[in-house]
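*Asks:* My file is work_29.cif. It has mmCIF, C-alpha atoms:
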```cif
data_data
#
loop_
_atom_site.label_atom_id
_atom_site.label_comp_id
_atom_site.auth_asym_id
_atom_site.auth_seq_id
_atom_site.Cartn_x
_atom_site.Cartn_y
_atom_site.Cartn_z
CA MET A 18 0.00 0.00 0.00
CA ALA A 19 1.24 3.48 -0.79
CA LYS A 20 2.39 5.42 2.29
CA ILE A 21 -0.07 8.26 2.14
CA ASP A 22 -0.75 10.29 5.25
CA LEU A 23 -4.49 10.89 5.11
CA ASP A 24 -4.41 14.11 7.18
CA THR A 25 -1.90 15.61 4.76
CA PHE A 26 -4.45 15.19 1.97
CA GLY A 27 -7.29 16.68 3.99
CA ILE A 28 -9.01 13.36 4.70
CA ASN A 29 -9.73 13.79 8.40
CA GLU A 30 -11.49 11.71 11.03
CA GLY A 31 -15.25 11.50 10.64
CA ILE A 32 -16.95 11.88 7.26
CA SER A 33 -15.22 14.07 4.68
CA GLU A 34 -17.50 15.47 2.01
CA MET A 35 -15.48 15.05 -1.16
CA ILE A 36 -16.22 14.73 -4.86
CA VAL A 37 -15.63 11.17 -5.99
CA THR A 38 -14.59 10.65 -9.60
CA THR A 39 -14.79 7.29 -11.33
CA TYR A 40 -13.96 6.20 -14.82
CA GLN A 41 -14.48 3.17 -17.01
CA GLY A 42 -12.54 4.29 -20.05
CA TRP A 43 -15.39 6.35 -21.50
CA SER A 44 -16.70 9.62 -20.04
CA PRO A 45 -15.66 10.10 -16.40
CA ASN A 46 -18.22 10.65 -13.64
CA ALA A 47 -18.18 12.96 -10.61
CA ALA A 48 -20.46 12.87 -7.57
CA PRO A 49 -20.21 14.31 -4.03
CA MET A 50 -19.83 11.60 -1.45
CA GLY A 51 -18.84 11.05 2.16
CA ILE A 52 -15.48 9.38 2.76
CA ILE A 53 -15.72 7.76 6.19
CA ARG A 54 -12.55 7.64 8.26
CA LYS A 55 -12.24 5.75 11.55
CA ASP A 56 -8.64 5.87 12.80
CA ASP A 57 -6.69 4.97 9.67
CA GLU A 58 -9.40 2.92 8.00
CA LEU A 59 -11.37 4.44 5.14
CA LEU A 60 -14.78 3.33 3.94
CA VAL A 61 -17.24 4.42 1.33
CA ARG A 62 -20.92 3.56 0.96
CA LEU A 63 -22.31 3.65 -2.58
CA PHE A 64 -25.96 3.36 -3.46
CA LYS A 65 -26.82 0.71 -6.01
CA GLY A 66 -27.81 2.00 -9.40
CA SER A 67 -25.63 5.12 -9.23
CA THR A 68 -22.96 5.65 -11.89
CA THR A 69 -20.32 5.66 -9.13
CA TYR A 70 -21.56 2.24 -8.00
CA ASN A 71 -21.45 0.84 -11.55
CA ASN A 72 -17.97 2.20 -12.21
CA VAL A 73 -16.61 0.94 -8.89
CA MET A 74 -18.10 -2.52 -9.53
CA ALA A 75 -16.29 -2.57 -12.89
CA GLU A 76 -12.97 -0.98 -11.96
CA HIS A 77 -12.61 -1.41 -8.17
CA MET A 78 -11.15 2.08 -8.06
CA LEU A 79 -12.17 5.64 -7.20
CA VAL A 80 -10.61 9.07 -6.73
CA ALA A 81 -11.51 11.33 -3.78
CA ASN A 82 -11.13 14.98 -4.81
CA LEU A 83 -10.87 17.73 -2.19
CA VAL A 84 -12.86 20.63 -3.63
CA TYR A 85 -13.59 24.09 -2.17
CA ASP A 86 -15.68 25.40 -5.08
CA PRO A 87 -19.32 25.48 -3.91
CA LEU A 88 -20.72 25.58 -7.45
CA LEU A 89 -18.81 22.41 -8.37
CA PHE A 90 -20.41 20.68 -5.36
CA VAL A 91 -23.84 21.73 -6.56
CA ARG A 92 -23.22 20.85 -10.21
CA THR A 93 -21.87 17.41 -9.44
CA THR A 94 -24.84 16.77 -7.10
CA PHE A 95 -27.02 17.03 -10.21
CA GLY A 96 -24.57 15.32 -12.59
CA ASN A 97 -23.98 18.62 -14.36
CA VAL A 98 -20.29 18.47 -15.21
CA ASP A 99 -18.46 18.54 -18.52
CA SER A 100 -15.80 16.02 -19.59
CA SER A 101 -13.39 18.95 -20.15
CA GLU A 102 -13.36 19.48 -16.37
CA PHE A 103 -11.54 16.18 -15.83
CA GLU A 104 -7.93 15.25 -16.30
CA VAL A 105 -7.03 11.64 -17.03
CA PHE A 106 -3.88 10.10 -15.56
CA THR A 107 -2.29 6.68 -15.61
CA HIS A 108 -0.65 5.10 -12.57
CA ASP A 109 0.74 1.54 -12.63
CA GLU A 110 -0.95 1.11 -16.04
CA ARG A 111 -4.40 1.93 -14.68
CA GLY A 112 -6.24 5.00 -15.94
CA PHE A 113 -8.15 7.28 -13.61
CA ALA A 114 -9.83 10.68 -13.89
CA VAL A 115 -9.54 13.58 -11.43
CA LEU A 116 -11.16 17.01 -11.30
CA LYS A 117 -8.87 19.76 -12.63
CA GLU A 118 -10.25 22.08 -9.93
CA ALA A 119 -9.36 19.76 -7.03
CA VAL A 120 -7.18 21.23 -4.28
CA SER A 121 -5.82 17.72 -3.77
CA TRP A 122 -6.85 14.23 -4.83
CA ALA A 123 -6.18 10.64 -3.79
CA VAL A 124 -6.72 7.46 -5.81
CA PHE A 125 -8.00 4.40 -3.95
CA GLU A 126 -8.46 0.77 -4.70
CA CYS A 127 -11.80 -0.52 -3.41
CA VAL A 128 -11.33 -3.72 -1.43
CA ASP A 129 -13.39 -5.97 0.88
CA MET A 130 -16.48 -4.95 -1.07
CA LYS A 131 -19.69 -5.95 0.68
CA GLU A 132 -23.15 -5.56 -0.80
CA THR A 133 -26.36 -4.99 1.12
CA SER A 134 -29.77 -4.84 -0.56
CA GLU A 135 -29.36 -1.09 -1.12
CA ALA A 136 -25.70 -0.28 -1.11
CA LEU A 137 -22.12 -1.34 -1.55
CA VAL A 138 -19.65 -0.79 1.27
CA ALA A 139 -15.98 -0.84 0.32
CA LYS A 140 -12.73 -0.26 2.14
CA LEU A 141 -10.36 2.16 0.46
CA LYS A 142 -6.69 1.39 -0.01
CA PRO A 143 -4.63 4.42 -1.07
CA LEU A 144 -2.68 4.00 -4.32
CA HIS A 145 -1.55 7.47 -5.29
CA ALA A 146 -2.22 11.08 -4.30
CA ARG A 147 -1.40 14.63 -5.28
CA MET A 148 -1.63 18.10 -3.74
CA ASN A 149 -2.36 20.78 -6.32
CA LYS A 150 -2.54 23.98 -4.30
CA HIS A 151 -2.20 25.15 -0.76
CA VAL A 152 -4.94 27.51 0.32
CA PHE A 153 -5.93 29.15 3.57
CA ARG A 154 -9.69 29.14 3.80
CA SER A 155 -11.79 30.95 6.30
CA VAL A 156 -14.81 29.34 7.88
CA ASN A 157 -17.77 30.55 5.83
CA ARG A 158 -21.35 29.77 6.88
CA GLY A 159 -22.44 30.40 3.29
CA PHE A 160 -20.16 27.67 1.92
CA ASN A 161 -21.15 25.32 4.75
CA LEU A 162 -24.85 25.73 4.09
CA VAL A 163 -24.41 25.19 0.34
CA ILE A 164 -23.03 21.74 1.29
CA GLU A 165 -25.99 21.11 3.63
CA SER A 166 -28.31 22.17 0.81
CA CYS A 167 -26.70 19.67 -1.60
CA VAL A 168 -27.34 16.88 0.92
CA HIS A 169 -30.95 17.97 1.36
CA ALA A 170 -31.41 18.42 -2.41
CA THR A 171 -30.48 14.77 -2.98
CA ARG A 172 -33.00 13.70 -0.34
CA TYR A 173 -35.62 16.02 -1.82
CA GLU A 174 -35.15 14.49 -5.26
CA LEU A 175 -35.50 10.99 -3.78
CA THR A 176 -38.50 11.62 -1.54
CA ASN A 177 -40.19 14.82 -2.77
CA ASP A 178 -40.65 15.65 0.93
CA GLU A 179 -41.20 19.43 1.17
CA LYS A 180 -39.40 19.60 4.54
CA TYR A 181 -36.10 19.42 2.65
CA MET A 182 -37.13 22.31 0.41
CA ARG A 183 -38.04 24.38 3.49
CA LEU A 184 -34.57 23.74 4.97
CA ILE A 185 -32.86 24.66 1.69
CA LYS A 186 -34.84 27.91 1.46
CA ALA A 187 -33.96 28.80 5.07
CA TYR A 188 -30.28 28.08 4.37
CA SER A 189 -30.35 30.18 1.19
CA CYS A 190 -30.96 33.33 3.30
CA THR A 191 -27.78 32.69 5.28
CA VAL A 192 -25.85 31.82 2.09
CA ASN A 193 -26.87 35.16 0.60
CA LYS A 194 -25.88 36.99 3.78
CA CYS A 195 -22.59 35.21 4.57
CA GLY A 196 -21.38 33.76 1.27
CA GLY A 197 -19.15 35.27 -1.36
CA LYS A 198 -20.10 35.41 -5.06
CA ALA A 199 -19.26 31.71 -5.58
CA GLU A 200 -21.60 30.62 -2.76
CA LYS A 201 -24.43 32.86 -3.97
CA ASP A 202 -24.06 31.58 -7.54
CA ALA A 203 -24.03 27.99 -6.28
CA MET A 204 -27.24 28.51 -4.27
CA LYS A 205 -28.94 30.17 -7.23
CA PHE A 206 -28.01 27.24 -9.47
CA LEU A 207 -29.33 24.77 -6.90
CA LEU A 208 -32.66 26.58 -6.40
CA ASN A 209 -33.12 27.01 -10.18
CA TYR A 210 -32.38 23.36 -10.79
CA LEU A 211 -34.86 22.16 -8.16
CA GLY A 212 -37.44 24.70 -9.38
CA GLU A 213 -37.18 23.49 -12.97
CA LYS A 214 -37.56 19.85 -11.96
CA LYS A 215 -40.92 20.51 -10.31
CA MET B 15 -1.16 50.31 5.21
CA ALA B 16 0.62 46.97 5.32
CA LYS B 17 0.43 45.08 2.01
CA ILE B 18 -1.45 42.03 3.19
CA ASP B 19 -3.25 39.89 0.66
CA LEU B 20 -6.46 38.97 2.45
CA ASP B 21 -7.02 35.73 0.49
CA THR B 22 -3.58 34.51 1.50
CA PHE B 23 -4.63 34.76 5.14
CA GLY B 24 -7.93 32.99 4.57
CA ILE B 25 -10.08 36.11 4.78
CA ASN B 26 -12.34 35.54 1.80
CA GLU B 27 -15.28 37.39 0.26
CA GLY B 28 -18.46 37.26 2.32
CA ILE B 29 -18.42 36.79 6.08
CA SER B 30 -15.53 34.82 7.56
CA GLU B 31 -16.24 33.28 10.95
CA MET B 32 -13.06 33.96 12.89
CA ILE B 33 -12.10 34.29 16.53
CA VAL B 34 -11.39 37.91 17.36
CA THR B 35 -8.90 38.60 20.13
CA THR B 36 -8.62 41.97 21.84
CA TYR B 37 -6.41 43.22 24.61
CA GLN B 38 -6.16 46.25 26.87
CA GLY B 39 -2.99 45.35 28.68
CA TRP B 40 -4.65 43.04 31.21
CA SER B 41 -6.19 39.67 30.40
CA PRO B 42 -6.87 39.20 26.70
CA ASN B 43 -10.32 38.35 25.37
CA ALA B 44 -11.43 35.99 22.59
CA ALA B 45 -14.85 35.81 20.90
CA PRO B 46 -16.05 34.33 17.58
CA MET B 47 -17.11 37.01 15.16
CA GLY B 48 -17.90 37.56 11.50
CA ILE B 49 -15.33 39.52 9.50
CA ILE B 50 -17.22 41.05 6.59
CA ARG B 51 -15.33 41.40 3.32
CA LYS B 52 -16.70 43.25 0.28
CA ASP B 53 -14.05 43.43 -2.45
CA ASP B 54 -11.00 44.57 -0.51
CA GLU B 55 -12.86 46.38 2.24
CA LEU B 56 -13.19 44.75 5.64
CA LEU B 57 -15.80 45.58 8.25
CA VAL B 58 -16.71 44.33 11.68
CA ARG B 59 -19.90 44.85 13.69
CA LEU B 60 -19.54 44.72 17.46
CA PHE B 61 -22.43 44.69 19.89
CA LYS B 62 -22.29 47.32 22.62
CA GLY B 63 -21.53 46.00 26.06
CA SER B 64 -19.40 43.10 24.85
CA THR B 65 -15.77 42.86 26.03
CA THR B 66 -14.66 43.04 22.38
CA TYR B 67 -16.59 46.31 22.01
CA ASN B 68 -15.03 47.79 25.16
CA ASN B 69 -11.51 46.76 24.16
CA VAL B 70 -11.90 48.08 20.61
CA MET B 71 -13.26 51.40 21.91
CA ALA B 72 -10.15 51.70 24.12
CA GLU B 73 -7.46 50.39 21.77
CA HIS B 74 -8.87 50.76 18.21
CA MET B 75 -7.30 47.41 17.40
CA LEU B 76 -8.27 43.76 17.02
CA VAL B 77 -6.79 40.47 15.82
CA ALA B 78 -8.71 38.08 13.53
CA ASN B 79 -7.57 34.49 14.21
CA LEU B 80 -8.26 31.72 11.69
CA VAL B 81 -9.14 28.69 13.81
CA TYR B 82 -10.12 25.15 12.75
CA ASP B 83 -10.56 23.72 16.26
CA PRO B 84 -14.33 23.27 16.83
CA LEU B 85 -13.97 23.13 20.63
CA LEU B 86 -12.15 26.47 20.66
CA PHE B 87 -15.06 28.00 18.70
CA VAL B 88 -17.49 26.66 21.31
CA ARG B 89 -15.38 27.66 24.31
CA THR B 90 -14.84 31.22 23.08
CA THR B 91 -18.57 31.52 22.35
CA PHE B 92 -19.11 31.12 26.09
CA GLY B 93 -16.02 33.10 27.15
CA ASN B 94 -14.40 29.91 28.42
CA VAL B 95 -10.75 30.42 27.53
CA ASP B 96 -7.64 30.58 29.67
CA SER B 97 -5.02 33.35 29.49
CA SER B 98 -2.36 30.66 28.85
CA GLU B 99 -3.97 30.06 25.42
CA PHE B 100 -2.91 33.49 24.22
CA GLU B 101 0.43 34.76 23.04
CA VAL B 102 1.24 38.45 23.36
CA PHE B 103 3.26 40.24 20.67
CA THR B 104 4.36 43.79 20.07
CA HIS B 105 4.33 45.44 16.65
CA ASP B 106 5.29 49.10 16.18
CA GLU B 107 5.25 49.46 19.96
CA ARG B 108 1.64 48.31 20.29
CA GLY B 109 0.86 45.11 22.18
CA PHE B 110 -1.68 42.62 20.90
CA ALA B 111 -2.75 39.09 21.83
CA VAL B 112 -3.33 36.18 19.45
CA LEU B 113 -4.52 32.61 19.98
CA LYS B 114 -1.64 30.11 20.07
CA GLU B 115 -3.86 27.61 18.24
CA ALA B 116 -4.58 29.95 15.29
CA VAL B 117 -3.74 28.62 11.82
CA SER B 118 -3.07 32.22 10.84
CA TRP B 119 -3.83 35.63 12.32
CA ALA B 120 -4.02 39.24 11.16
CA VAL B 121 -3.88 42.41 13.29
CA PHE B 122 -6.13 45.29 12.26
CA GLU B 123 -6.54 48.88 13.22
CA CYS B 124 -10.20 49.83 13.59
CA VAL B 125 -10.95 53.03 11.68
CA ASP B 126 -14.02 55.04 10.57
CA MET B 127 -15.80 53.78 13.67
CA LYS B 128 -19.55 54.46 13.58
CA GLU B 129 -21.92 53.79 16.44
CA THR B 130 -25.58 52.89 16.17
CA SER B 131 -27.85 52.46 19.19
CA GLU B 132 -26.91 48.77 19.43
CA ALA B 133 -23.57 48.31 17.76
CA LEU B 134 -20.28 49.68 16.56
CA VAL B 135 -19.30 49.29 12.93
CA ALA B 136 -15.61 49.71 12.14
CA LYS B 137 -13.48 49.39 9.03
CA LEU B 138 -10.41 47.22 9.43
CA LYS B 139 -7.00 48.34 8.22
CA PRO B 140 -4.44 45.51 8.18
CA LEU B 141 -1.29 46.19 10.22
CA HIS B 142 0.48 42.87 10.51
CA ALA B 143 -0.24 39.17 9.83
CA ARG B 144 1.26 35.73 10.26
CA MET B 145 0.69 32.21 8.93
CA ASN B 146 1.43 29.55 11.50
CA LYS B 147 0.68 26.30 9.71
CA HIS B 148 -0.52 25.10 6.35
CA VAL B 149 -3.23 22.47 6.56
CA PHE B 150 -5.41 20.68 4.06
CA ARG B 151 -8.87 20.34 5.55
CA SER B 152 -11.69 18.30 4.20
CA VAL B 153 -15.23 19.60 4.19
CA ASN B 154 -16.83 18.17 7.33
CA ARG B 155 -20.54 18.61 8.01
CA GLY B 156 -19.86 17.96 11.69
CA PHE B 157 -17.47 20.91 11.95
CA ASN B 158 -19.82 23.11 9.92
CA LEU B 159 -22.78 22.38 12.15
CA VAL B 160 -20.77 23.04 15.33
CA ILE B 161 -20.27 26.56 13.93
CA GLU B 162 -24.02 26.87 13.18
CA SER B 163 -24.72 25.67 16.71
CA CYS B 164 -22.44 28.36 18.19
CA VAL B 165 -24.38 31.02 16.28
CA HIS B 166 -27.69 29.61 17.49
CA ALA B 167 -26.38 29.19 21.05
CA THR B 168 -25.62 32.92 21.21
CA ARG B 169 -29.15 33.69 20.01
CA TYR B 170 -30.60 31.18 22.45
CA GLU B 171 -28.78 32.84 25.35
CA LEU B 172 -30.07 36.26 24.27
CA THR B 173 -33.68 35.32 23.60
CA ASN B 174 -34.35 32.00 25.38
CA ASP B 175 -36.34 31.04 22.26
CA GLU B 176 -36.61 27.23 22.19
CA LYS B 177 -36.49 27.15 18.38
CA TYR B 178 -32.72 27.68 18.59
CA MET B 179 -32.38 24.75 20.99
CA ARG B 180 -34.37 22.54 18.60
CA LEU B 181 -32.01 23.46 15.74
CA ILE B 182 -28.95 22.77 17.90
CA LYS B 183 -30.31 19.37 18.90
CA ALA B 184 -31.05 18.47 15.27
CA TYR B 185 -27.53 19.55 14.27
CA SER B 186 -25.99 17.51 17.10
CA CYS B 187 -27.19 14.28 15.42
CA THR B 188 -25.29 15.17 12.24
CA VAL B 189 -22.24 16.26 14.26
CA ASN B 190 -22.18 12.88 15.98
CA LYS B 191 -22.55 11.10 12.64
CA CYS B 192 -20.14 13.13 10.50
CA GLY B 193 -17.72 14.75 12.94
CA GLY B 194 -14.42 13.50 14.27
CA LYS B 195 -13.60 13.37 17.99
CA ALA B 196 -12.96 17.13 18.17
CA GLU B 197 -16.39 17.95 16.71
CA LYS B 198 -18.18 15.48 19.00
CA ASP B 199 -16.37 16.87 22.07
CA ALA B 200 -17.23 20.42 21.01
CA MET B 201 -20.93 19.57 20.63
CA LYS B 202 -20.99 17.82 24.00
CA PHE B 203 -19.42 20.87 25.65
CA LEU B 204 -21.96 23.16 23.99
CA LEU B 205 -24.98 21.04 25.00
CA ASN B 206 -23.68 20.64 28.57
CA TYR B 207 -23.06 24.37 28.87
CA LEU B 208 -26.55 25.27 27.65
CA GLY B 209 -28.08 22.55 29.84
CA GLU B 210 -26.34 23.85 32.96
CA LYS B 211 -27.44 27.40 32.33
CA LYS B 212 -31.12 26.45 32.34
#
```
For this file, write the structure as structure tokens.
*Replies:*
Amino acid sequence: MAKIDLDTFGINEGISEMIVTTYQGWSPNAAPMGIIRKDDELLVRLFKGSTTYNNVMAEHMLVANLVYDPLLFVRTTFGNVDSSEFEVFTHDERGFAVLKEAVSWAVFECVDMKETSEALVAKLKPLHARMNKHVFRSVNRGFNLVIESCVHATRYELTNDEKYMRLIKAYSCTVNKCGGKAEKDAMKFLLNYLGEKK
Amino acid sequence: MAKIDLDTFGINEGISEMIVTTYQGWSPNAAPMGIIRKDDELLVRLFKGSTTYNNVMAEHMLVANLVYDPLLFVRTTFGNVDSSEFEVFTHDERGFAVLKEAVSWAVFECVDMKETSEALVAKLKPLHARMNKHVFRSVNRGFNLVIESCVHATRYELTNDEKYMRLIKAYSCTVNKCGGKAEKDAMKFLLNYLGEKK
């Protein structure tokens, strides 16, 4: 296993919200996902039927991208990302795709895969990682609530339960008060997208 | 004015939630506060009667500390911080106190101070800044919701409105699911503190 210090790559204890990219040799896929870390063990839980699930079943590999761009979180929540936004690399003769915008990324092999009726749980074994840029980031409630809104948007799409929409609308006020331009644009995109789907 | 690139020090567009330290030559004070940035102008809004307000009125100076420790956010929300956690520096013959745990900090002179009936609004002119450590941090919903809980805890203490307590309790479930040990400890401290005050 590659000696990769998880903290160095921003994969901290608890659940890290990252954008997972997968690739089967045709167009790459990106989706926000929680990377679960307990001590030095990493796990991921993938819902059956998702593109990430299908790609991982085929390739036993995924890339966790650390991303600070709120709009990219929103766009990948809805599968709205262009193939030009990926970069394809080869490591040990295996191809993988990362997001060009990632602050850092780490490639994992998926091992000990276990399927339940709804999901696949896999352990992640680090293969390769890269840091692209070092940035100091302030704590921004606007950014944080864009992420919460993405989580709720996924649940809203699955259940159509209006309680999620009420939460998103409440969060959007704080995003517009505390966020920068990127956070405001991301929230606008999210609300437009959910509005159009209705 | 010192040439300090605000982005470099993690003070981004929108409102950055930072821990502001102030000092009048006796024990220093620390309190979480929003640093408002529009383009390259920085503003702060301080409520009358707070220690930060009194110190700024006396010294026309404050330090914005970038902090990633969730427990320190919670403790400073409730004024629970020990003088040994500060470090005192002198710059151009003026003393100021910073948090030892800060990832980075910036010292500002408070200018164009305007008072309303409730608050003081001041522009911030950078004097001096330091980066202590470079860290990659994943996006963690647990951390983010500890910050939300601090904001609501302040409102709960002011108004006693139970709606804030309901929000905090809902957030605590996500903190316990998604946070690391630091986030869980911070949430426990916050809930204990609010419970004891009742």
*Asks:* For chain B against chain A, which residues fall within 7 Å using only C-alpha atoms, given as a ChimeraX atom specification?
*Replies:* /B:22-31,80,150-154,158,192-194
*Asks:* Spell out the residues picked by the PyMOL selection byres ((chain B and resi 127) around 9) here, as a list of chain:residue names.
*Replies:*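 Applying the PyMOL selection byres ((chain B and resi 127) around 9) to the structure shown produces B:Met71, B:His74, B:Cys124, B:Val125, B:Asp126, B:Lys128, B:Glu129, B:Leu134, B:Val135, B:Ala136, B:Lys137.
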*Asks:* Care to translate the PyMOL selection byres ((chain B and resi 200) around 9) into actual residues of this file, as a list in words?
*Replies:*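 Going through the file, the PyMOL selection byres ((chain B and resi 200) around 9) ends up selecting Asp83, Pro84, Leu85, Leu86, Phe87, Val88, Arg89, Val160, Lys195, Ala196, Glu197, Lys198, Asp199, Met201, Lys202, Phe203, Leu204 and Leu205 of chain B.
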*Asks:* What does the structure give for the distance between atom CA of B:Thr90 and atom CA of A:Tyr188, in Å to one decimal?
*Replies:*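 We find that atom CA of B:Thr90 and atom CA of A:Tyr188 lie 24.5 Å from each other.
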*Asks:* In Å, with one decimal, what is the gap from atom CA of B:Ser186 to atom CA of A:Ala48?
*Replies:*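 These two atoms are separated by 25.7 Å.
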*Asks:* Would you work out the distance separating atom CA of B:Val102 from atom CA of B:Leu138, expressed in Å to one decimal?
*Replies:*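 The value is 20.2 Å.
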*Asks:* Applied to the shown file, which residues does the PyMOL selection byres ((chain A and resi 38) around 12) return, written as a VMD selection string?
*Replies:* chain A and resid 35 to 37 39 to 41 44 to 50 68 to 70 72 to 73 76 78 to 84 93 96 98 100 102 to 105 112 to 117 119 122 to 125
*Asks:* Can you work out which one of B:Lys62, B:Lys17, B:His142, B:Lys211 has the shortest atom-to-atom distance to B:Asn174, counting only C-alpha atoms?
*Replies:* B:Lys211
*Asks:* Hey, which of A:Trp43, A:Tyr173, A:Phe64, A:Tyr210 ends up closest to A:Asn97? Count only C-alpha atoms.
*Replies:*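 Between A:Trp43, A:Tyr173, A:Phe64, A:Tyr210, the residue approaching A:Asn97 most closely is A:Tyr210.
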*Asks:* Show me, as AutoDock Vina command-line options, the centre and edge lengths in Å to one decimal of the axis-aligned box that covers every listed atom of stretch 54-62 of chain B with 4 Å on each side.
*Replies:*
```
--center_x -16.7 --center_y 45.8 --center_z 11.1 --size_x 19.4 --size_y 11.0 --size_z 31.1
```
*Asks:* Compare A:Glu126, A:Asp109, A:Lys142, A:Ala170 by their minimum atom-to-atom distance to A:Asp57, counting only C-alpha atoms, and give me the closest one.
*Replies:* A:Lys142
